[in-house]
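S.K.: Dropping in final25.pdb, with PDB, C-alpha atoms and all ligand atoms.
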ATOM      1  CA  MET A   1     -56.290  78.334 -37.830  1.00  0.00           C
ATOM      2  CA  SER A   2     -58.144  80.930 -35.754  1.00  0.00           C
ATOM      3  CA  ILE A   3     -56.994  79.360 -32.475  1.00  0.00           C
ATOM      4  CA  ASN A   4     -53.757  79.966 -30.615  1.00  0.00           C
ATOM      5  CA  LEU A   5     -52.877  77.936 -27.503  1.00  0.00           C
ATOM      6  CA  VAL A   6     -51.135  80.050 -24.890  1.00  0.00           C
ATOM      7  CA  ARG A   7     -49.376  78.194 -22.078  1.00  0.00           C
ATOM      8  CA  LEU A   8     -51.042  78.893 -18.765  1.00  0.00           C
ATOM      9  CA  ASP A   9     -49.018  79.663 -15.632  1.00  0.00           C
ATOM     10  CA  ALA A  10     -51.401  78.250 -13.021  1.00  0.00           C
ATOM     11  CA  VAL A  11     -49.162  78.887 -10.016  1.00  0.00           C
ATOM     12  CA  GLY A  12     -47.985  82.330 -11.175  1.00  0.00           C
ATOM     13  CA  ASN A  13     -49.415  85.092 -13.346  1.00  0.00           C
ATOM     14  CA  ASP A  14     -52.514  83.198 -14.463  1.00  0.00           C
ATOM     15  CA  HIS A  15     -53.529  81.825 -11.073  1.00  0.00           C
ATOM     16  CA  GLU A  16     -56.372  84.214 -10.310  1.00  0.00           C
ATOM     17  CA  ALA A  17     -57.733  84.226 -13.870  1.00  0.00           C
ATOM     18  CA  LEU A  18     -57.766  80.416 -13.886  1.00  0.00           C
ATOM     19  CA  VAL A  19     -59.566  80.209 -10.521  1.00  0.00           C
ATOM     20  CA  ASN A  20     -62.039  82.805 -11.775  1.00  0.00           C
ATOM     21  CA  PHE A  21     -62.667  80.886 -15.014  1.00  0.00           C
ATOM     22  CA  MET A  22     -63.167  77.564 -13.229  1.00  0.00           C
ATOM     23  CA  THR A  23     -65.461  78.923 -10.495  1.00  0.00           C
ATOM     24  CA  ARG A  24     -67.669  81.268 -12.546  1.00  0.00           C
ATOM     25  CA  ASN A  25     -68.525  78.733 -15.249  1.00  0.00           C
ATOM     26  CA  GLU A  26     -70.735  75.677 -14.876  1.00  0.00           C
ATOM     27  CA  PHE A  27     -69.545  72.367 -16.310  1.00  0.00           C
ATOM     28  CA  ARG A  28     -72.636  70.237 -16.223  1.00  0.00           C
ATOM     29  CA  PHE A  29     -71.102  67.290 -18.047  1.00  0.00           C
ATOM     30  CA  HIS A  30     -68.152  67.009 -15.660  1.00  0.00           C
ATOM     31  CA  GLY A  31     -68.054  65.082 -12.372  1.00  0.00           C
ATOM     32  CA  THR A  32     -68.254  68.361 -10.424  1.00  0.00           C
ATOM     33  CA  PRO A  33     -70.405  70.898 -12.297  1.00  0.00           C
ATOM     34  CA  ARG A  34     -69.665  73.743  -9.839  1.00  0.00           C
ATOM     35  CA  ILE A  35     -66.074  73.885  -8.667  1.00  0.00           C
ATOM     36  CA  THR A  36     -65.126  75.680  -5.465  1.00  0.00           C
ATOM     37  CA  ARG A  37     -62.089  77.917  -5.066  1.00  0.00           C
ATOM     38  CA  GLN A  38     -60.639  75.462  -2.524  1.00  0.00           C
ATOM     39  CA  ALA A  39     -60.981  72.539  -4.932  1.00  0.00           C
ATOM     40  CA  ILE A  40     -59.369  74.303  -7.870  1.00  0.00           C
ATOM     41  CA  GLU A  41     -56.575  75.680  -5.707  1.00  0.00           C
ATOM     42  CA  ALA A  42     -55.865  72.188  -4.342  1.00  0.00           C
ATOM     43  CA  SER A  43     -55.779  70.819  -7.849  1.00  0.00           C
ATOM     44  CA  ILE A  44     -53.377  73.566  -9.017  1.00  0.00           C
ATOM     45  CA  ALA A  45     -51.145  72.907  -5.984  1.00  0.00           C
ATOM     46  CA  LYS A  46     -51.015  69.190  -6.833  1.00  0.00           C
ATOM     47  CA  GLY A  47     -49.644  70.034 -10.284  1.00  0.00           C
ATOM     48  CA  ALA A  48     -52.757  69.121 -12.275  1.00  0.00           C
ATOM     49  CA  TYR A  49     -52.205  72.124 -14.560  1.00  0.00           C
ATOM     50  CA  ARG A  50     -48.434  71.822 -14.981  1.00  0.00           C
ATOM     51  CA  ASN A  51     -46.027  69.121 -13.952  1.00  0.00           C
ATOM     52  CA  GLU A  52     -44.222  66.325 -15.790  1.00  0.00           C
ATOM     53  CA  ASP A  53     -47.552  64.699 -16.728  1.00  0.00           C
ATOM     54  CA  ASN A  54     -49.813  67.720 -17.262  1.00  0.00           C
ATOM     55  CA  ASP A  55     -49.793  70.969 -19.209  1.00  0.00           C
ATOM     56  CA  SER A  56     -52.475  73.596 -19.696  1.00  0.00           C
ATOM     57  CA  PHE A  57     -53.346  76.410 -22.084  1.00  0.00           C
ATOM     58  CA  TRP A  58     -55.646  79.326 -22.631  1.00  0.00           C
ATOM     59  CA  ILE A  59     -57.537  78.935 -25.883  1.00  0.00           C
ATOM     60  CA  ASP A  60     -57.174  82.277 -27.638  1.00  0.00           C
ATOM     61  CA  HIS A  61     -59.405  82.958 -30.636  1.00  0.00           C
ATOM     62  CA  ALA A  62     -58.317  85.490 -33.273  1.00  0.00           C
ATOM     63  CA  GLU A  63     -61.666  87.282 -33.188  1.00  0.00           C
ATOM     64  CA  HIS A  64     -63.188  86.500 -29.768  1.00  0.00           C
ATOM     65  CA  GLY A  65     -60.092  86.546 -27.559  1.00  0.00           C
ATOM     66  CA  ARG A  66     -59.806  84.065 -24.679  1.00  0.00           C
ATOM     67  CA  ILE A  67     -62.593  81.513 -25.104  1.00  0.00           C
ATOM     68  CA  GLY A  68     -61.585  78.708 -22.740  1.00  0.00           C
ATOM     69  CA  ILE A  69     -58.919  76.405 -21.410  1.00  0.00           C
ATOM     70  CA  ALA A  70     -57.431  73.057 -22.382  1.00  0.00           C
ATOM     71  CA  ARG A  71     -55.434  70.688 -20.225  1.00  0.00           C
ATOM     72  CA  VAL A  72     -53.350  67.853 -21.647  1.00  0.00           C
ATOM     73  CA  GLN A  73     -52.725  64.901 -19.344  1.00  0.00           C
ATOM     74  CA  ASP A  74     -50.451  61.836 -19.419  1.00  0.00           C
ATOM     75  CA  LEU A  75     -47.705  63.644 -21.320  1.00  0.00           C
ATOM     76  CA  ARG A  76     -45.216  60.819 -20.722  1.00  0.00           C
ATOM     77  CA  ASP A  77     -47.523  58.025 -21.907  1.00  0.00           C
ATOM     78  CA  PRO A  78     -47.959  56.793 -25.485  1.00  0.00           C
ATOM     79  CA  THR A  79     -51.592  57.934 -25.145  1.00  0.00           C
ATOM     80  CA  ALA A  80     -52.265  61.506 -24.019  1.00  0.00           C
ATOM     81  CA  MET A  81     -55.659  62.560 -22.641  1.00  0.00           C
ATOM     82  CA  PHE A  82     -57.264  66.008 -22.351  1.00  0.00           C
ATOM     83  CA  ASP A  83     -59.868  68.205 -20.738  1.00  0.00           C
ATOM     84  CA  LEU A  84     -61.382  70.982 -22.868  1.00  0.00           C
ATOM     85  CA  ARG A  85     -63.625  73.675 -21.379  1.00  0.00           C
ATOM     86  CA  LEU A  86     -65.061  76.656 -23.222  1.00  0.00           C
ATOM     87  CA  ASP A  87     -66.383  79.676 -21.380  1.00  0.00           C
ATOM     88  CA  GLU A  88     -70.202  79.515 -21.220  1.00  0.00           C
ATOM     89  CA  GLU A  89     -70.332  82.679 -23.345  1.00  0.00           C
ATOM     90  CA  PHE A  90     -68.554  80.908 -26.198  1.00  0.00           C
ATOM     91  CA  ARG A  91     -70.324  77.543 -26.186  1.00  0.00           C
ATOM     92  CA  GLY A  92     -72.870  76.617 -28.821  1.00  0.00           C
ATOM     93  CA  ARG A  93     -71.017  78.418 -31.656  1.00  0.00           C
ATOM     94  CA  GLY A  94     -68.972  75.524 -33.023  1.00  0.00           C
ATOM     95  CA  LEU A  95     -65.752  76.918 -31.530  1.00  0.00           C
ATOM     96  CA  GLY A  96     -64.965  73.560 -29.898  1.00  0.00           C
ATOM     97  CA  LEU A  97     -64.056  72.215 -33.330  1.00  0.00           C
ATOM     98  CA  ASP A  98     -61.033  74.440 -34.013  1.00  0.00           C
ATOM     99  CA  SER A  99     -60.095  74.238 -30.325  1.00  0.00           C
ATOM    100  CA  LEU A 100     -59.834  70.443 -30.487  1.00  0.00           C
ATOM    101  CA  ARG A 101     -58.025  70.635 -33.846  1.00  0.00           C
ATOM    102  CA  ALA A 102     -55.475  73.045 -32.355  1.00  0.00           C
ATOM    103  CA  LEU A 103     -55.006  70.854 -29.302  1.00  0.00           C
ATOM    104  CA  THR A 104     -54.504  67.744 -31.447  1.00  0.00           C
ATOM    105  CA  GLN A 105     -51.953  69.569 -33.569  1.00  0.00           C
ATOM    106  CA  HIS A 106     -50.160  70.739 -30.449  1.00  0.00           C
ATOM    107  CA  VAL A 107     -49.976  67.219 -28.989  1.00  0.00           C
ATOM    108  CA  PHE A 108     -48.710  65.475 -32.099  1.00  0.00           C
ATOM    109  CA  SER A 109     -46.268  68.206 -33.045  1.00  0.00           C
ATOM    110  CA  THR A 110     -44.703  68.609 -29.572  1.00  0.00           C
ATOM    111  CA  LEU A 111     -44.831  65.076 -28.108  1.00  0.00           C
ATOM    112  CA  PRO A 112     -42.913  62.798 -30.516  1.00  0.00           C
ATOM    113  CA  ASP A 113     -43.561  59.621 -28.500  1.00  0.00           C
ATOM    114  CA  THR A 114     -47.320  60.123 -28.307  1.00  0.00           C
ATOM    115  CA  HIS A 115     -49.055  58.090 -31.015  1.00  0.00           C
ATOM    116  CA  ARG A 116     -52.599  58.264 -29.711  1.00  0.00           C
ATOM    117  CA  PHE A 117     -54.716  61.106 -28.251  1.00  0.00           C
ATOM    118  CA  GLU A 118     -57.841  60.122 -26.339  1.00  0.00           C
ATOM    119  CA  GLY A 119     -60.850  61.806 -24.768  1.00  0.00           C
ATOM    120  CA  GLN A 120     -63.861  60.620 -22.835  1.00  0.00           C
ATOM    121  CA  THR A 121     -67.170  62.302 -22.255  1.00  0.00           C
ATOM    122  CA  ARG A 122     -70.656  61.534 -20.956  1.00  0.00           C
ATOM    123  CA  GLU A 123     -73.040  59.985 -23.447  1.00  0.00           C
ATOM    124  CA  ASP A 124     -75.372  62.998 -23.173  1.00  0.00           C
ATOM    125  CA  ASN A 125     -72.639  65.533 -24.015  1.00  0.00           C
ATOM    126  CA  ILE A 126     -73.762  65.628 -27.633  1.00  0.00           C
ATOM    127  CA  ALA A 127     -71.839  68.823 -28.414  1.00  0.00           C
ATOM    128  CA  MET A 128     -68.540  67.171 -27.426  1.00  0.00           C
ATOM    129  CA  ARG A 129     -69.361  63.925 -29.215  1.00  0.00           C
ATOM    130  CA  LYS A 130     -70.151  65.779 -32.450  1.00  0.00           C
ATOM    131  CA  THR A 131     -66.954  67.780 -32.024  1.00  0.00           C
ATOM    132  CA  PHE A 132     -64.937  64.553 -31.772  1.00  0.00           C
ATOM    133  CA  LEU A 133     -66.541  63.101 -34.893  1.00  0.00           C
ATOM    134  CA  ARG A 134     -66.138  66.294 -36.910  1.00  0.00           C
ATOM    135  CA  CYS A 135     -62.426  66.343 -36.040  1.00  0.00           C
ATOM    136  CA  GLY A 136     -61.969  62.802 -37.398  1.00  0.00           C
ATOM    137  CA  TRP A 137     -61.762  61.083 -34.014  1.00  0.00           C
ATOM    138  CA  ALA A 138     -63.133  57.523 -33.823  1.00  0.00           C
ATOM    139  CA  LYS A 139     -65.432  56.186 -31.159  1.00  0.00           C
ATOM    140  CA  GLU A 140     -63.684  53.247 -29.481  1.00  0.00           C
ATOM    141  CA  ALA A 141     -65.711  52.466 -26.380  1.00  0.00           C
ATOM    142  CA  HIS A 142     -69.104  52.942 -24.776  1.00  0.00           C
ATOM    143  CA  TYR A 143     -68.821  52.181 -21.064  1.00  0.00           C
ATOM    144  CA  ARG A 144     -72.368  51.501 -19.880  1.00  0.00           C
ATOM    145  CA  GLU A 145     -73.118  53.250 -16.536  1.00  0.00           C
ATOM    146  CA  GLY A 146     -69.438  54.148 -16.475  1.00  0.00           C
ATOM    147  CA  TRP A 147     -69.911  57.819 -15.510  1.00  0.00           C
ATOM    148  CA  PRO A 148     -71.136  58.407 -11.927  1.00  0.00           C
ATOM    149  CA  VAL A 149     -73.634  61.265 -11.517  1.00  0.00           C
ATOM    150  CA  GLN A 150     -73.861  63.049  -8.153  1.00  0.00           C
ATOM    151  CA  GLY A 151     -77.283  62.234  -6.675  1.00  0.00           C
ATOM    152  CA  GLY A 152     -78.464  60.549  -9.887  1.00  0.00           C
ATOM    153  CA  THR A 153     -78.259  57.465 -12.048  1.00  0.00           C
ATOM    154  CA  PRO A 154     -74.916  56.812 -13.741  1.00  0.00           C
ATOM    155  CA  VAL A 155     -74.708  57.437 -17.482  1.00  0.00           C
ATOM    156  CA  ALA A 156     -72.455  55.880 -20.081  1.00  0.00           C
ATOM    157  CA  SER A 157     -68.951  57.159 -20.680  1.00  0.00           C
ATOM    158  CA  VAL A 158     -67.976  57.315 -24.347  1.00  0.00           C
ATOM    159  CA  ALA A 159     -64.349  57.193 -25.483  1.00  0.00           C
ATOM    160  CA  TYR A 160     -62.928  58.614 -28.716  1.00  0.00           C
ATOM    161  CA  SER A 161     -59.379  58.808 -29.988  1.00  0.00           C
ATOM    162  CA  ILE A 162     -57.242  59.942 -32.891  1.00  0.00           C
ATOM    163  CA  LEU A 163     -54.036  58.209 -33.977  1.00  0.00           C
ATOM    164  CA  ARG A 164     -50.948  60.137 -34.986  1.00  0.00           C
ATOM    165  CA  ARG A 165     -51.089  58.553 -38.441  1.00  0.00           C
ATOM    166  CA  ASP A 166     -54.747  59.578 -38.824  1.00  0.00           C
ATOM    167  CA  TRP A 167     -53.808  63.141 -37.926  1.00  0.00           C
ATOM    168  CA  GLU A 168     -50.971  63.024 -40.473  1.00  0.00           C
ATOM    169  CA  THR A 169     -53.039  61.567 -43.319  1.00  0.00           C
ATOM    170  CA  GLY A 170     -56.485  62.955 -42.562  1.00  0.00           C
ATOM    171  CA  GLN A 171     -57.864  59.392 -42.881  1.00  0.00           C
ATOM    172  CA  THR A 172     -59.555  57.831 -39.854  1.00  0.00           C
ATOM    173  CA  THR A 173     -58.367  54.238 -39.356  1.00  0.00           C
ATOM    174  CA  THR A 174     -61.379  51.984 -38.918  1.00  0.00           C
ATOM    175  CA  PHE A 175     -61.779  48.622 -37.261  1.00  0.00           C
ATOM    176  CA  VAL A 176     -64.474  45.972 -36.959  1.00  0.00           C
ATOM    177  CA  TRP A 177     -66.758  47.243 -34.180  1.00  0.00           C
ATOM    178  CA  GLU A 178     -69.000  44.161 -34.060  1.00  0.00           C
ATOM    179  CA  ASP A 179     -67.730  41.445 -31.745  1.00  0.00           C
ATOM    180  CA  LEU A 180     -67.113  37.795 -32.626  1.00  0.00           C
ATOM    181  CA  THR A 181     -70.142  35.678 -33.395  1.00  0.00           C
ATOM    182  CA  LEU A 182     -70.478  32.694 -31.091  1.00  0.00           C
TER     183      LEU A 182
HETATM  184  C1  LIG B   1     -68.153  70.512 -25.350  1.00  0.00           C
HETATM  185  C2  LIG B   1     -67.705  71.772 -26.097  1.00  0.00           C
HETATM  186  C3  LIG B   1     -66.169  71.785 -26.242  1.00  0.00           C
HETATM  187  C4  LIG B   1     -68.351  71.725 -27.506  1.00  0.00           C
HETATM  188  O1  LIG B   1     -67.970  72.833 -28.254  1.00  0.00           O
HETATM  189  P1  LIG B   1     -69.090  73.840 -28.846  1.00  0.00           P
HETATM  190  O2  LIG B   1     -68.399  74.685 -29.848  1.00  0.00           O
HETATM  191  O3  LIG B   1     -69.752  74.552 -27.704  1.00  0.00           O
HETATM  192  O4  LIG B   1     -70.108  72.827 -29.547  1.00  0.00           O
HETATM  193  P2  LIG B   1     -71.563  73.222 -30.085  1.00  0.00           P
HETATM  194  O5  LIG B   1     -72.490  73.504 -28.923  1.00  0.00           O
HETATM  195  O6  LIG B   1     -71.430  74.268 -31.126  1.00  0.00           O
HETATM  196  O7  LIG B   1     -72.070  71.823 -30.663  1.00  0.00           O
HETATM  197  C5  LIG B   1     -71.457  71.136 -31.733  1.00  0.00           C
HETATM  198  C6  LIG B   1     -72.589  70.512 -32.565  1.00  0.00           C
HETATM  199  O8  LIG B   1     -73.378  69.664 -31.717  1.00  0.00           O
HETATM  200  C7  LIG B   1     -74.744  70.039 -31.831  1.00  0.00           C
HETATM  201  N1  LIG B   1     -75.418  69.806 -30.551  1.00  0.00           N
HETATM  202  C8  LIG B   1     -75.078  70.314 -29.361  1.00  0.00           C
HETATM  203  N2  LIG B   1     -75.920  69.863 -28.401  1.00  0.00           N
HETATM  204  C9  LIG B   1     -76.824  69.069 -29.041  1.00  0.00           C
HETATM  205  C10 LIG B   1     -77.938  68.306 -28.605  1.00  0.00           C
HETATM  206  N3  LIG B   1     -78.296  68.257 -27.323  1.00  0.00           N
HETATM  207  N4  LIG B   1     -78.633  67.591 -29.534  1.00  0.00           N
HETATM  208  C11 LIG B   1     -78.264  67.614 -30.831  1.00  0.00           C
HETATM  209  N5  LIG B   1     -77.204  68.320 -31.316  1.00  0.00           N
HETATM  210  C12 LIG B   1     -76.494  69.040 -30.411  1.00  0.00           C
HETATM  211  C13 LIG B   1     -74.728  71.488 -32.179  1.00  0.00           C
HETATM  212  O9  LIG B   1     -75.961  71.887 -32.778  1.00  0.00           O
HETATM  213  C14 LIG B   1     -73.552  71.547 -33.130  1.00  0.00           C
HETATM  214  O10 LIG B   1     -73.931  71.088 -34.393  1.00  0.00           O
HETATM  215  P3  LIG B   1     -74.178  72.137 -35.613  1.00  0.00           P
HETATM  216  O11 LIG B   1     -72.858  72.831 -35.816  1.00  0.00           O
HETATM  217  O12 LIG B   1     -74.575  71.264 -36.748  1.00  0.00           O
HETATM  218  O13 LIG B   1     -75.259  73.055 -35.143  1.00  0.00           O
HETATM  219  C15 LIG B   1     -68.147  73.068 -25.342  1.00  0.00           C
HETATM  220  O14 LIG B   1     -69.555  73.185 -25.404  1.00  0.00           O
HETATM  221  C16 LIG B   1     -67.703  73.082 -23.872  1.00  0.00           C
HETATM  222  O15 LIG B   1     -66.590  73.477 -23.571  1.00  0.00           O
HETATM  223  N6  LIG B   1     -68.595  72.656 -22.951  1.00  0.00           N
HETATM  224  C17 LIG B   1     -68.309  72.634 -21.518  1.00  0.00           C
HETATM  225  C18 LIG B   1     -67.174  71.702 -21.124  1.00  0.00           C
HETATM  226  C19 LIG B   1     -67.308  70.302 -21.682  1.00  0.00           C
HETATM  227  O16 LIG B   1     -68.362  69.675 -21.644  1.00  0.00           O
HETATM  228  N7  LIG B   1     -66.182  69.781 -22.192  1.00  0.00           N
HETATM  229  C20 LIG B   1     -66.047  68.452 -22.716  1.00  0.00           C
HETATM  230  C21 LIG B   1     -65.151  67.655 -21.846  1.00  0.00           C
HETATM  231  S1  LIG B   1     -64.201  66.488 -22.740  1.00  0.00           S
END
Give the structure from the file, written as structure tokens.
Ligand SMILES: CC(C)(COP(=O)(O)OP(=O)(O)OC[C@H]1O[C@@H](n2cnc3c(N)ncnc32)[C@H](O)[C@@H]1OP(=O)(O)O)[C@@H](O)C(=O)NCCC(=O)NCCS
M.R.:
Amino acid sequence: MSINLVRLDAVGNDHEALVNFMTRNEFRFHGTPRITRQAIEASIAKGAYRNEDNDSFWIDHAEHGRIGIARVQDLRDPTAMFDLRLDEEFRGRGLGLDSLRALTQHVFSTLPDTHRFEGQTREDNIAMRKTFLRCGWAKEAHYREGWPVQGGTPVASVAYSILRRDWETGQTTTFVWEDLTL
């Protein structure tokens, strides 16, 4: 794979580079599209990038170098969650695909008790939704008006996941999406 995940030291050597990455990029599909230095520093201080429940990584690409960051959450739960953010310069080139593959591999190969890896995104984040599907993740929920939008109308939140056994076999486990008939 062209991607290498490099553990990020948010309170030490990587602090300034992380703050720079988070404040110079816009994340229009996140709750806060423009993050301030104070907000990111508070979040680092709370352990959001590394503590017993969280870990974070630079996404290093063999050809392009450092293309973004990934944060894995809920490390002690049977289901881990994540946040994936590519640098604006490297979006729109399909690089999210190998980034999510590398992150999935990392989770299932380093967290033996994790059997499910989940992610949620806004319904209008088509790039992320296609990335999920292309990586073999299954859509499991569509929370109508579940994603608040600052100063706007809420949009749906869409949830996808991959099971450990699906990652091992390459076969996405399906289920009956339609509800009971009454
Ligand atoms: C979301 C993200 C990881 C996706 O990775 P990416 O490599 O940039 O994805 P791409 O933009 O190449 O899009 C993937 C596919 O969706 C398609 N797509 C993207 N936006 C689209 C739109 N509005 N309508 C239709 N198709 C769209 C692309 O054309 C591409 O398909 P293709 O390969 O057939 O051309 C990356 O853009 C990113 O980090 N964004 C900012 C942070 C973020 O939103 N993270 C998600 C939080 S979970």
S.K.: Exactly which residues make up the result of the PyMOL selection byres (((not hetatm)) within 7 of (chain B and resi 1)) on this file, given as a list in words?
M.R.: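 Written out, the selection comes to Phe27, Arg28, Phe29, His30, Phe82, Asp83, Leu84, Arg85, Leu86, Asp87, Phe90, Arg91, Gly92, Arg93, Gly94, Leu95, Gly96, Leu97, Gly119, Gln120, Thr121, Asn125, Ile126, Ala127, Met128, Lys130 and Thr131 of chain A.
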S.K.: How far is it from atom CA of Asp124 of chain A to atom CA of Glu63 of chain A, in Å with one decimal?
M.R.: 29.6 Å
S.K.: Please evaluate the PyMOL selection byres (((chain A and resi 105) around 12) and not hetatm) against the structure above and give the resulting residues as a VMD selection string.
M.R.: chain A and resid 1 3 to 5 98 to 104 106 to 112 114 116 to 117 135 162 to 164 166 to 168
S.K.: Check what the PyMOL selection byres (((chain A and resi 151-157) around 12) and not hetatm) selects in the file above and give those residues as a list in words.
M.R.: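 For this structure, the PyMOL selection byres (((chain A and resi 151-157) around 12) and not hetatm) captures Phe29, His30, Gly31, Thr32, Gly119, Gln120, Thr121, Arg122, Glu123, Asp124, Asn125, Ile126, Arg129, Lys139, Glu140, Ala141, His142, Tyr143, Arg144, Glu145, Gly146, Trp147, Pro148, Val149, Gln150, Val158, Ala159 and Tyr160 of chain A.
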S.K.: In terms of the shortest atom-to-atom distance over all atoms listed in the file, which of A:His61, A:Arg34, A:His115, A:Arg66 is closest to Pro78 of chain A?
M.R.: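 The answer is A:His115, which sits nearest to Pro78 of chain A.
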S.K.: Could you please determine the separation between atom CA of Val72 of chain A and atom CA of Glu118 of chain A in Å, to one decimal place?
M.R.: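 Distance reported for this atom pair: 10.1 Å.
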S.K.: Would you mind putting back N, CA and C atoms on segment 2-17 of chain A, then writing it out as a tab-separated table (two decimals), keeping the file's coordinate frame?
M.R.:
chain	number	residue	atom	x	y	z
A	2	SER	N	-57.79	79.74	-36.54
A	2	SER	CA	-58.14	80.93	-35.75
A	2	SER	C	-57.78	80.80	-34.28
A	3	ILE	N	-57.27	79.61	-33.89
A	3	ILE	CA	-56.99	79.36	-32.48
A	3	ILE	C	-55.50	79.35	-32.19
A	4	ASN	N	-55.14	79.99	-31.09
A	4	ASN	CA	-53.76	79.97	-30.62
A	4	ASN	C	-53.79	79.45	-29.18
A	5	LEU	N	-52.94	78.45	-28.88
A	5	LEU	CA	-52.88	77.94	-27.50
A	5	LEU	C	-51.76	78.66	-26.77
A	6	VAL	N	-52.10	79.26	-25.65
A	6	VAL	CA	-51.14	80.05	-24.89
A	6	VAL	C	-50.90	79.36	-23.55
A	7	ARG	N	-49.66	78.95	-23.30
A	7	ARG	CA	-49.38	78.19	-22.08
A	7	ARG	C	-49.79	78.99	-20.85
A	8	LEU	N	-50.44	78.27	-19.94
A	8	LEU	CA	-51.04	78.89	-18.76
A	8	LEU	C	-50.12	78.68	-17.55
A	9	ASP	N	-49.87	79.76	-16.82
A	9	ASP	CA	-49.02	79.66	-15.63
A	9	ASP	C	-49.93	79.62	-14.40
A	10	ALA	N	-50.37	78.41	-14.06
A	10	ALA	CA	-51.40	78.25	-13.02
A	10	ALA	C	-50.94	78.65	-11.63
A	11	VAL	N	-49.63	78.53	-11.36
A	11	VAL	CA	-49.16	78.89	-10.02
A	11	VAL	C	-48.63	80.33	-9.98
A	12	GLY	N	-48.54	80.97	-11.12
A	12	GLY	CA	-47.98	82.33	-11.18
A	12	GLY	C	-48.99	83.34	-11.69
A	13	ASN	N	-48.63	83.98	-12.82
A	13	ASN	CA	-49.42	85.09	-13.35
A	13	ASN	C	-50.87	84.79	-13.66
A	14	ASP	N	-51.14	83.53	-14.03
A	14	ASP	CA	-52.51	83.20	-14.46
A	14	ASP	C	-53.38	82.60	-13.35
A	15	HIS	N	-52.83	82.52	-12.15
A	15	HIS	CA	-53.53	81.82	-11.07
A	15	HIS	C	-54.95	82.36	-10.86
A	16	GLU	N	-55.07	83.65	-10.65
A	16	GLU	CA	-56.37	84.21	-10.31
A	16	GLU	C	-57.36	84.10	-11.49
A	17	ALA	N	-56.85	84.32	-12.69
A	17	ALA	CA	-57.73	84.23	-13.87
A	17	ALA	C	-58.22	82.79	-14.06
